[in-house]
$ cat my_file35.txt   # compact mmCIF, C-alpha atoms
# COMPACT_ATOMS: atom_id res chain seq x y z
CA MET G 9 -12.39 -26.12 1.33
CA SER G 10 -11.07 -29.62 0.72
CA HIS G 11 -9.71 -31.73 3.58
CA ASN G 12 -6.31 -31.68 1.85
CA GLN G 13 -6.22 -27.88 1.81
CA GLU G 14 -7.01 -27.71 5.51
CA GLN G 15 -4.03 -29.90 6.29
CA THR G 16 -1.56 -27.89 4.24
CA GLN G 17 -2.37 -24.47 5.70
CA THR G 18 0.67 -22.74 7.14
CA LYS G 19 0.45 -19.92 9.62
CA ALA G 20 1.92 -16.53 8.74
CA VAL G 21 2.50 -13.28 10.57
CA LEU G 22 2.53 -9.63 9.49
CA TYR G 23 4.65 -7.39 11.68
CA LEU G 24 4.51 -3.59 11.35
CA GLU G 25 7.12 -0.97 12.19
CA ASP G 26 4.92 0.40 14.99
CA GLY G 27 5.02 -3.00 16.72
CA SER G 28 1.54 -4.19 15.76
CA ARG G 29 1.26 -7.85 14.83
CA TYR G 30 -1.32 -9.70 12.72
CA GLU G 31 -1.66 -13.46 12.37
CA GLY G 32 -3.07 -15.20 9.31
CA ILE G 33 -2.62 -18.00 6.80
CA ALA G 34 0.30 -18.16 4.35
CA ILE G 35 -0.33 -17.69 0.63
CA GLY G 36 2.15 -17.76 -2.24
CA LYS G 37 5.68 -18.85 -1.44
CA ILE G 38 6.74 -19.78 2.08
CA GLY G 39 9.32 -17.24 3.22
CA THR G 40 9.99 -13.85 4.79
CA VAL G 41 9.89 -10.45 3.03
CA GLY G 42 10.01 -6.82 4.07
CA GLY G 43 8.95 -3.57 2.42
CA GLU G 44 6.83 -0.47 2.77
CA ILE G 45 3.20 -1.43 3.39
CA CYS G 46 0.46 0.31 1.41
CA PHE G 47 -3.12 -0.43 0.36
CA ASN G 48 -4.99 -0.41 -2.96
CA THR G 49 -8.76 0.17 -2.99
CA GLY G 50 -9.36 -1.15 -6.53
CA MET G 51 -12.31 -3.55 -6.71
CA THR G 52 -10.77 -5.46 -9.60
CA GLY G 53 -7.50 -5.88 -11.48
CA TYR G 54 -5.30 -7.47 -8.82
CA GLN G 55 -2.94 -8.82 -11.47
CA GLU G 56 -2.46 -5.32 -12.91
CA ILE G 57 -1.57 -4.11 -9.40
CA TYR G 58 0.96 -6.86 -8.69
CA THR G 59 2.77 -6.44 -12.03
CA ASP G 60 2.86 -2.61 -11.97
CA PRO G 61 6.57 -1.69 -11.55
CA SER G 62 5.54 1.33 -9.44
CA TYR G 63 4.96 -1.11 -6.54
CA TYR G 64 8.54 -2.32 -6.50
CA GLY G 65 9.75 -2.55 -2.89
CA GLN G 66 6.23 -2.50 -1.43
CA ILE G 67 3.91 -4.88 0.39
CA VAL G 68 0.40 -4.39 -1.02
CA VAL G 69 -2.82 -4.78 0.95
CA ASN G 70 -5.89 -5.40 -1.23
CA THR G 71 -8.93 -3.81 0.40
CA THR G 72 -11.31 -5.90 -1.75
CA SER G 73 -12.33 -8.83 0.43
CA HIS G 74 -12.02 -11.63 -2.20
CA ILE G 75 -8.75 -12.07 -4.10
CA GLY G 76 -7.83 -14.80 -6.58
CA ASN G 77 -11.33 -15.77 -7.69
CA TYR G 78 -10.72 -15.11 -11.41
CA GLY G 79 -7.18 -16.51 -11.51
CA VAL G 80 -4.49 -14.95 -13.69
CA LEU G 81 -4.01 -14.45 -17.42
CA ASP G 82 -0.52 -13.86 -18.84
CA SER G 83 -1.81 -11.31 -21.38
CA GLU G 84 -3.04 -9.07 -18.54
CA GLN G 85 0.37 -8.38 -17.02
CA GLU G 86 1.73 -4.83 -16.87
CA SER G 87 5.33 -6.10 -16.87
CA ASP G 88 7.15 -9.41 -17.20
CA ALA G 89 6.41 -10.55 -13.61
CA PRO G 90 4.97 -9.33 -10.28
CA LYS G 91 6.95 -6.40 -8.87
CA ILE G 92 5.43 -6.26 -5.37
CA ARG G 93 7.51 -7.41 -2.39
CA GLY G 94 4.64 -9.08 -0.57
CA LEU G 95 0.86 -9.44 -0.48
CA VAL G 96 -1.82 -9.08 2.21
CA VAL G 97 -5.43 -10.12 1.57
CA ASN G 98 -8.57 -10.96 3.50
CA THR G 99 -10.14 -13.98 1.76
CA PHE G 100 -7.92 -15.81 -0.71
CA SER G 101 -9.32 -18.12 -3.36
CA ASN G 102 -7.28 -21.13 -4.49
CA ASP G 103 -9.91 -21.90 -7.12
CA PHE G 104 -10.76 -19.62 -10.04
CA SER G 105 -13.91 -19.43 -12.15
CA ARG G 106 -12.69 -17.80 -15.38
CA PRO G 107 -12.54 -20.33 -18.22
CA THR G 108 -9.80 -18.35 -19.96
CA GLY G 109 -7.58 -18.16 -16.86
CA ASP G 110 -4.05 -19.53 -17.26
CA SER G 111 -3.60 -20.57 -13.64
CA SER G 112 -4.67 -19.96 -10.06
CA LEU G 113 -3.28 -16.94 -8.23
CA GLN G 114 -1.62 -19.30 -5.74
CA GLU G 115 0.33 -21.07 -8.52
CA TYR G 116 1.26 -17.69 -9.99
CA LEU G 117 2.56 -16.30 -6.68
CA GLU G 118 4.55 -19.48 -6.00
CA LYS G 119 6.05 -19.40 -9.51
CA HIS G 120 7.22 -15.80 -8.99
CA ASN G 121 8.38 -16.24 -5.38
CA ILE G 122 5.88 -13.82 -3.85
CA VAL G 123 5.27 -14.26 -0.10
CA GLY G 124 1.82 -13.38 1.23
CA ILE G 125 -0.65 -13.62 4.08
CA SER G 126 -4.44 -14.07 4.10
CA GLU G 127 -7.30 -14.40 6.57
CA LEU G 128 -6.58 -11.25 8.53
CA ASP G 129 -8.73 -8.18 9.16
CA THR G 130 -7.70 -5.93 6.27
CA ARG G 131 -10.19 -3.22 7.30
CA LEU G 132 -8.50 -2.90 10.68
CA LEU G 133 -5.07 -2.95 9.04
CA VAL G 134 -5.96 -0.28 6.46
CA ARG G 135 -7.39 1.95 9.18
CA GLU G 136 -4.09 1.68 11.02
CA ILE G 137 -2.06 2.57 7.90
CA ARG G 138 -4.40 5.48 7.13
CA ASN G 139 -4.07 6.89 10.63
CA LYS G 140 -0.36 6.32 11.19
CA GLY G 141 0.85 6.74 7.61
CA ALA G 142 3.04 4.62 5.38
CA MET G 143 5.50 2.43 7.28
CA ASN G 144 7.68 -0.59 6.75
CA ALA G 145 6.44 -4.09 7.50
CA ILE G 146 7.49 -7.71 7.27
CA ILE G 147 5.54 -10.85 6.30
CA SER G 148 6.81 -14.24 7.41
CA SER G 149 5.46 -17.74 6.96
CA GLU G 150 8.64 -19.18 8.47
CA ASP G 151 9.04 -20.08 12.12
CA LEU G 152 10.64 -16.86 13.37
CA THR G 153 10.42 -15.23 16.79
CA ASP G 154 9.18 -11.64 17.18
CA GLU G 155 12.78 -10.63 17.95
CA GLN G 156 14.00 -12.15 14.67
CA LEU G 157 11.20 -10.38 12.79
CA GLN G 158 12.16 -7.06 14.39
CA GLU G 159 15.78 -7.57 13.34
CA LYS G 160 14.78 -8.27 9.74
CA LEU G 161 12.37 -5.32 9.75
CA ALA G 162 15.16 -2.99 10.87
CA GLU G 163 17.08 -3.91 7.70
CA VAL G 164 14.30 -2.71 5.36
CA PRO G 165 15.27 0.70 3.86
CA SER G 166 12.98 3.73 4.11
CA MET G 167 11.25 4.68 0.85
CA ASN G 168 12.32 8.28 1.49
CA GLY G 169 15.36 8.99 -0.69
CA LEU G 170 15.23 5.54 -2.34
CA GLU G 171 16.06 5.32 -6.05
CA LEU G 172 14.32 2.26 -7.53
CA SER G 173 13.72 2.85 -11.24
CA SER G 174 17.13 1.32 -12.06
CA PHE G 175 15.87 -2.02 -10.72
CA VAL G 176 12.76 -2.22 -12.91
CA SER G 177 13.76 -0.37 -16.08
CA THR G 178 14.55 -2.25 -19.29
CA LYS G 179 18.21 -3.17 -19.63
CA GLU G 180 18.22 -2.89 -23.43
CA PRO G 181 16.14 -0.58 -25.66
CA TYR G 182 13.18 -2.20 -27.44
CA PHE G 183 10.51 -1.14 -29.92
CA VAL G 184 6.70 -1.16 -29.72
CA GLY G 185 4.26 -0.49 -32.56
CA ASP G 186 4.46 -0.08 -36.32
CA GLU G 187 7.84 1.20 -37.55
CA ASN G 188 6.02 2.94 -40.41
CA ALA G 189 3.81 4.90 -38.01
CA GLU G 190 3.57 8.65 -38.49
CA TYR G 191 5.28 9.59 -35.23
CA LYS G 192 8.24 8.33 -33.23
CA VAL G 193 8.10 8.61 -29.44
CA ALA G 194 11.07 8.00 -27.15
CA VAL G 195 9.95 6.43 -23.86
CA LEU G 196 12.11 6.96 -20.77
CA ASP G 197 11.31 3.75 -18.89
CA LEU G 198 11.27 4.58 -15.19
CA GLY G 199 9.03 1.53 -14.59
CA VAL G 200 6.54 1.72 -17.46
CA LYS G 201 3.29 -0.27 -17.64
CA THR G 202 2.65 -2.29 -20.80
CA SER G 203 -0.84 -0.75 -21.20
CA ILE G 204 0.64 2.74 -21.59
CA LEU G 205 2.81 1.55 -24.47
CA LYS G 206 -0.22 -0.12 -26.10
CA HIS G 207 -2.24 3.11 -25.88
CA LEU G 208 0.50 5.19 -27.49
CA ALA G 209 1.12 2.62 -30.22
CA SER G 210 -2.60 2.24 -31.01
CA ARG G 211 -2.74 5.99 -31.70
CA GLY G 212 -0.13 5.88 -34.43
CA ALA G 213 3.13 6.18 -32.51
CA TYR G 214 6.21 4.00 -33.00
CA LEU G 215 7.97 3.69 -29.65
CA LYS G 216 11.55 3.10 -28.64
CA VAL G 217 11.75 2.30 -24.92
CA PHE G 218 15.00 3.37 -23.26
CA ASN G 219 16.62 2.46 -19.94
CA ALA G 220 15.89 4.96 -17.14
CA ARG G 221 19.45 6.29 -17.08
CA THR G 222 19.68 7.01 -20.81
CA SER G 223 20.80 10.58 -21.58
CA PHE G 224 18.75 12.95 -23.73
CA ALA G 225 21.60 13.04 -26.30
CA GLU G 226 21.46 9.27 -26.72
CA MET G 227 17.66 9.22 -27.11
CA GLU G 228 17.81 12.17 -29.51
CA GLU G 229 20.04 10.17 -31.88
CA TRP G 230 16.91 8.20 -32.82
CA GLN G 231 15.30 11.53 -33.80
CA PRO G 232 11.94 11.06 -32.08
CA HIS G 233 9.08 13.53 -32.55
CA GLY G 234 8.50 13.62 -28.80
CA TYR G 235 9.23 12.11 -25.40
CA PHE G 236 7.24 10.17 -22.82
CA LEU G 237 8.36 9.93 -19.15
CA SER G 238 6.81 6.91 -17.49
CA ASN G 239 5.48 5.92 -14.11
CA GLY G 240 7.75 4.00 -11.72
CA PRO G 241 8.76 3.32 -8.11
CA GLY G 242 10.75 5.19 -5.48
CA ASP G 243 11.51 8.76 -4.49
CA PRO G 244 11.68 11.15 -7.48
CA SER G 245 14.05 13.53 -5.69
CA ALA G 246 16.69 10.76 -5.66
CA MET G 247 16.73 10.63 -9.48
CA GLU G 248 19.10 13.36 -10.64
CA TYR G 249 19.74 11.48 -13.90
CA ALA G 250 16.04 11.59 -14.89
CA ILE G 251 15.64 15.23 -13.80
CA LYS G 252 18.60 16.14 -16.04
CA ALA G 253 17.04 14.25 -18.98
CA ALA G 254 13.71 16.06 -18.44
CA LYS G 255 15.46 19.46 -18.43
CA ASP G 256 17.23 18.60 -21.69
CA ILE G 257 13.98 17.35 -23.28
CA MET G 258 12.22 20.62 -22.42
CA ALA G 259 15.18 22.67 -23.68
CA SER G 260 14.80 20.91 -27.05
CA GLY G 261 11.24 22.26 -27.38
CA LYS G 262 9.90 18.84 -28.40
CA PRO G 263 6.54 17.65 -27.02
CA SER G 264 6.74 15.64 -23.80
CA PHE G 265 4.23 13.94 -21.52
CA GLY G 266 4.77 12.50 -18.04
CA ILE G 267 2.64 10.12 -15.97
CA CYS G 268 2.99 9.65 -12.19
CA LEU G 269 6.75 9.41 -11.48
CA GLY G 270 7.29 11.07 -14.88
CA HIS G 271 5.01 13.91 -13.71
CA GLN G 272 7.08 14.33 -10.55
CA ILE G 273 10.35 14.33 -12.54
CA ILE G 274 9.04 17.06 -14.88
CA ALA G 275 8.01 19.11 -11.82
CA LEU G 276 11.47 18.74 -10.24
CA ALA G 277 13.08 19.72 -13.55
CA CYS G 278 11.05 22.96 -13.35
CA GLY G 279 12.17 23.72 -9.78
CA ILE G 280 8.95 22.44 -8.20
CA GLY G 281 9.29 20.36 -4.99
CA THR G 282 7.95 16.88 -4.25
CA PHE G 283 7.12 15.28 -0.90
CA LYS G 284 6.34 11.89 0.61
CA MET G 285 2.61 11.60 1.33
CA HIS G 286 1.08 10.40 4.60
CA ASN G 287 -0.19 7.23 2.92
CA GLY G 288 -0.45 7.88 -0.81
CA HIS G 289 -3.22 7.38 -3.37
CA ARG G 290 -3.77 3.85 -4.68
CA GLY G 291 -7.00 2.72 -6.31
CA LEU G 292 -9.36 3.11 -9.27
CA ASN G 293 -11.84 5.68 -8.02
CA HIS G 294 -9.94 8.91 -7.33
CA PRO G 295 -11.84 12.00 -8.52
CA VAL G 296 -9.78 14.60 -10.38
CA LYS G 297 -10.93 17.95 -11.77
CA ASN G 298 -9.51 19.22 -15.04
CA LEU G 299 -9.21 22.96 -14.38
CA VAL G 300 -8.86 23.70 -18.11
CA SER G 301 -12.07 21.99 -19.29
CA GLY G 302 -13.95 22.24 -15.98
CA LYS G 303 -14.79 18.52 -16.22
CA SER G 304 -14.14 15.95 -13.55
CA GLU G 305 -12.82 12.45 -14.21
CA VAL G 306 -12.64 9.27 -12.17
CA THR G 307 -9.03 8.12 -12.23
CA SER G 308 -6.72 5.25 -11.42
CA GLN G 309 -3.84 6.25 -9.13
CA ASN G 310 -0.79 4.69 -7.57
CA HIS G 311 1.70 7.00 -5.88
CA GLY G 312 3.28 7.61 -2.50
CA PHE G 313 4.94 10.90 -3.44
CA ALA G 314 3.30 14.07 -4.76
CA VAL G 315 4.16 17.42 -6.34
CA SER G 316 3.86 20.49 -4.12
CA ARG G 317 0.72 22.37 -5.16
CA GLU G 318 1.97 25.45 -3.34
CA ASP G 319 5.16 25.43 -5.42
CA VAL G 320 3.15 25.02 -8.63
CA GLU G 321 0.85 27.93 -7.77
CA ASN G 322 3.83 30.16 -6.92
CA SER G 323 5.71 29.22 -10.07
CA ASP G 324 6.24 31.33 -13.21
CA VAL G 325 7.32 28.21 -15.09
CA VAL G 326 4.32 25.86 -14.73
CA GLU G 327 0.57 26.10 -14.21
CA LEU G 328 -1.83 23.81 -12.38
CA THR G 329 -4.15 21.92 -14.77
CA HIS G 330 -5.68 19.19 -12.56
CA ILE G 331 -6.46 18.81 -8.85
CA ASN G 332 -7.32 15.74 -6.79
CA LEU G 333 -10.81 16.36 -5.39
CA ASN G 334 -10.23 14.14 -2.33
CA ASP G 335 -7.39 16.18 -0.85
CA GLN G 336 -6.86 19.09 -3.29
CA THR G 337 -3.32 17.96 -4.19
CA CYS G 338 -1.74 18.72 -7.57
CA ALA G 339 -2.88 16.11 -10.10
CA GLY G 340 -1.59 17.71 -13.29
CA LEU G 341 0.50 20.55 -14.67
CA GLN G 342 1.46 22.28 -17.90
CA VAL G 343 4.85 23.89 -18.53
CA LYS G 344 4.19 27.46 -19.73
CA GLY G 345 5.24 28.17 -23.29
CA GLN G 346 6.21 24.51 -23.80
CA LYS G 347 4.59 21.43 -25.30
CA THR G 348 5.13 19.65 -21.97
CA PHE G 349 2.42 18.46 -19.59
CA SER G 350 2.00 15.75 -16.97
CA VAL G 351 -0.55 14.08 -14.68
CA GLN G 352 -0.41 12.29 -11.33
CA TYR G 353 -2.63 9.39 -12.40
CA HIS G 354 -2.97 6.57 -14.94
CA PRO G 355 -5.01 7.42 -18.05
CA GLU G 356 -4.49 3.89 -19.41
CA SER G 357 -5.99 2.25 -16.28
CA SER G 358 -6.84 -1.22 -17.44
CA PRO G 359 -8.99 -2.46 -15.86
CA GLY G 360 -10.45 0.78 -14.58
CA PRO G 361 -12.15 4.01 -15.68
CA HIS G 362 -11.59 5.33 -19.22
CA ASP G 363 -12.30 9.00 -18.42
CA SER G 364 -8.69 10.12 -18.92
CA ARG G 365 -7.70 8.53 -22.21
CA TYR G 366 -8.02 11.90 -23.94
CA LEU G 367 -4.56 12.68 -22.50
CA PHE G 368 -2.90 10.31 -24.99
CA ASP G 369 -4.68 12.10 -27.84
CA GLN G 370 -3.68 15.46 -26.35
CA PHE G 371 -0.03 14.33 -26.40
CA LEU G 372 -0.06 13.09 -29.99
CA ASN G 373 -1.94 16.20 -31.16
CA LEU G 374 1.07 18.23 -30.02
CA PHE G 375 3.07 16.68 -32.89
CA LYS G 376 0.63 18.17 -35.40
CA SER G 377 0.73 21.75 -34.11
$ encode --input "my_file35.txt" --output "structure tokens"
Amino acid sequence: MSHNQEQTQTKAVLYLEDGSRYEGIAIGKIGTVGGEICFNTGMTGYQEIYTDPSYYGQIVVNTTSHIGNYGVLDSEQESDAPKIRGLVVNTFSNDFSRPTGDSSLQEYLEKHNIVGISELDTRLLVREIRNKGAMNAIISSEDLTDEQLQEKLAEVPSMNGLELSSFVSTKEPYFVGDENAEYKVAVLDLGVKTSILKHLASRGAYLKVFNARTSFAEMEEWQPHGYFLSNGPGDPSAMEYAIKAAKDIMASGKPSFGICLGHQIIALACGIGTFKMHNGHRGLNHPVKNLVSGKSEVTSQNHGFAVSREDVENSDVVELTHINLNDQTCAGLQVKGQKTFSVQYHPESSPGPHDSRYLFDQFLNLFKS
């Protein structure tokens, strides 16, 4: 570390809802932010994590000990800018080794006004979140007293019942892919990742991406061959508008595919319940079993809510297709008698495992049958 860097280090504090307090060194922008704290166990792909709209409203803890060492590259973003509220890391690197990198992570966080903290014991912190469950937290690199931090923390809304897709969805419809492609897919953007759109387009689909609150009737005017319901942030049960759209899509009989939040919306549209998890699944190494093929796949996941497996198993409308092998939760379902299916993980995971990319082919094959 250069002498200059030593002099410019600012102290920061992380304050949790349960009263625990961690001290560290400020990274990113100097300021104060609050949100729900969660952790991601991915060993790589920090830029994909920060720009994934599903993290909107959350403070992310990276469990990998070194963050920032390969800088950032604009072409690797999953949306136009970071969507996280704040960042917690162990060792932060101001320097980066990748020749193709556009800038350092520090410059990137400053540019996008992301407040963060480094040099704290992330293993201890993650253990606390795992044991006590998801909770709100606040990061501050400003000179605030514990009382002031508590006051600001009290203002942070609970993720339970929070509708957030409206904040990250596209304002205006846009197109992705070749307009002469064989199939047209309408994408309901609840907080979609760029990689998902690339995967669909590369398989011969021309996409029109619609705002989260667009009605089925409006999307249907474009006469798509099928519908895709994307990932995104917040509590699915607070999204009546998307549940209504999913019901209408299924009533049309057209093929539809949902990922993560989209999976939860399809479940709710079928009368299946969702619930807030103790601390969610976030990382690149979650084992899932495909009950149809009997094969297991290593998956990328990012969700704090889940679909009730009990409801799925008691349902006449849907059937369980995938289970999470870590905790046996529902990881995928198929609507009976319909060309509609969904999964609770990210088949596009880039960077990450490629085991689940068959799901995109499975979706497009539905147009041919």
$ atom_distance --input "my_file35.txt" --atom1 "CA of Arg290 in chain G" --atom2 "CA of Ala162 in chain G"
25.4 Å
$ closest_atom_pairs --input "my_file35.txt" --of "range 10-53 of chain G" --to "range 309-312 of chain G" --cutoff "10 Å" --atoms "only C-alpha atoms" --output "JSON lines"
{"residue": "G:Cys46", "atom": "CA", "partner": "G:Gly312", "partner_atom": "CA", "distance": 8.7}
{"residue": "G:Phe47", "atom": "CA", "partner": "G:Asn310", "partner_atom": "CA", "distance": 9.7}
{"residue": "G:Asn48", "atom": "CA", "partner": "G:Asn310", "partner_atom": "CA", "distance": 8.1}
{"residue": "G:Thr49", "atom": "CA", "partner": "G:Gln309", "partner_atom": "CA", "distance": 9.9}
{"residue": "G:Gly50", "atom": "CA", "partner": "G:Gln309", "partner_atom": "CA", "distance": 9.6}
$ closest_residue --input "my_file35.txt" --among "G:Ile267, G:Val134, G:Ile251, G:Val351" --to "Leu237 in chain G" --atoms "all atoms listed in the file"
G:Ile267
$ atom_distance --input "my_file35.txt" --atom1 "CA of Ala246 in chain G" --atom2 "CA of Ile273 in chain G"
10.0 Å
$ atom_distance --input "my_file35.txt" --atom1 "CA of Arg131 in chain G" --atom2 "CA of Lys119 in chain G"
28.4 Å
$ residues_around --input "my_file35.txt" --residues "Glu171 in chain G" --least-positions-apart "4" --cutoff "8 Å" --atoms "all atoms listed in the file" --output "PyMOL selection string"
chain G and resi 241-244+246-247
$ closest_residue --input "my_file35.txt" --among "G:Tyr182, G:Ile331, G:Asn77, G:Ser111" --to "Gly302 in chain G" --atoms "all atoms listed in the file"
G:Ile331
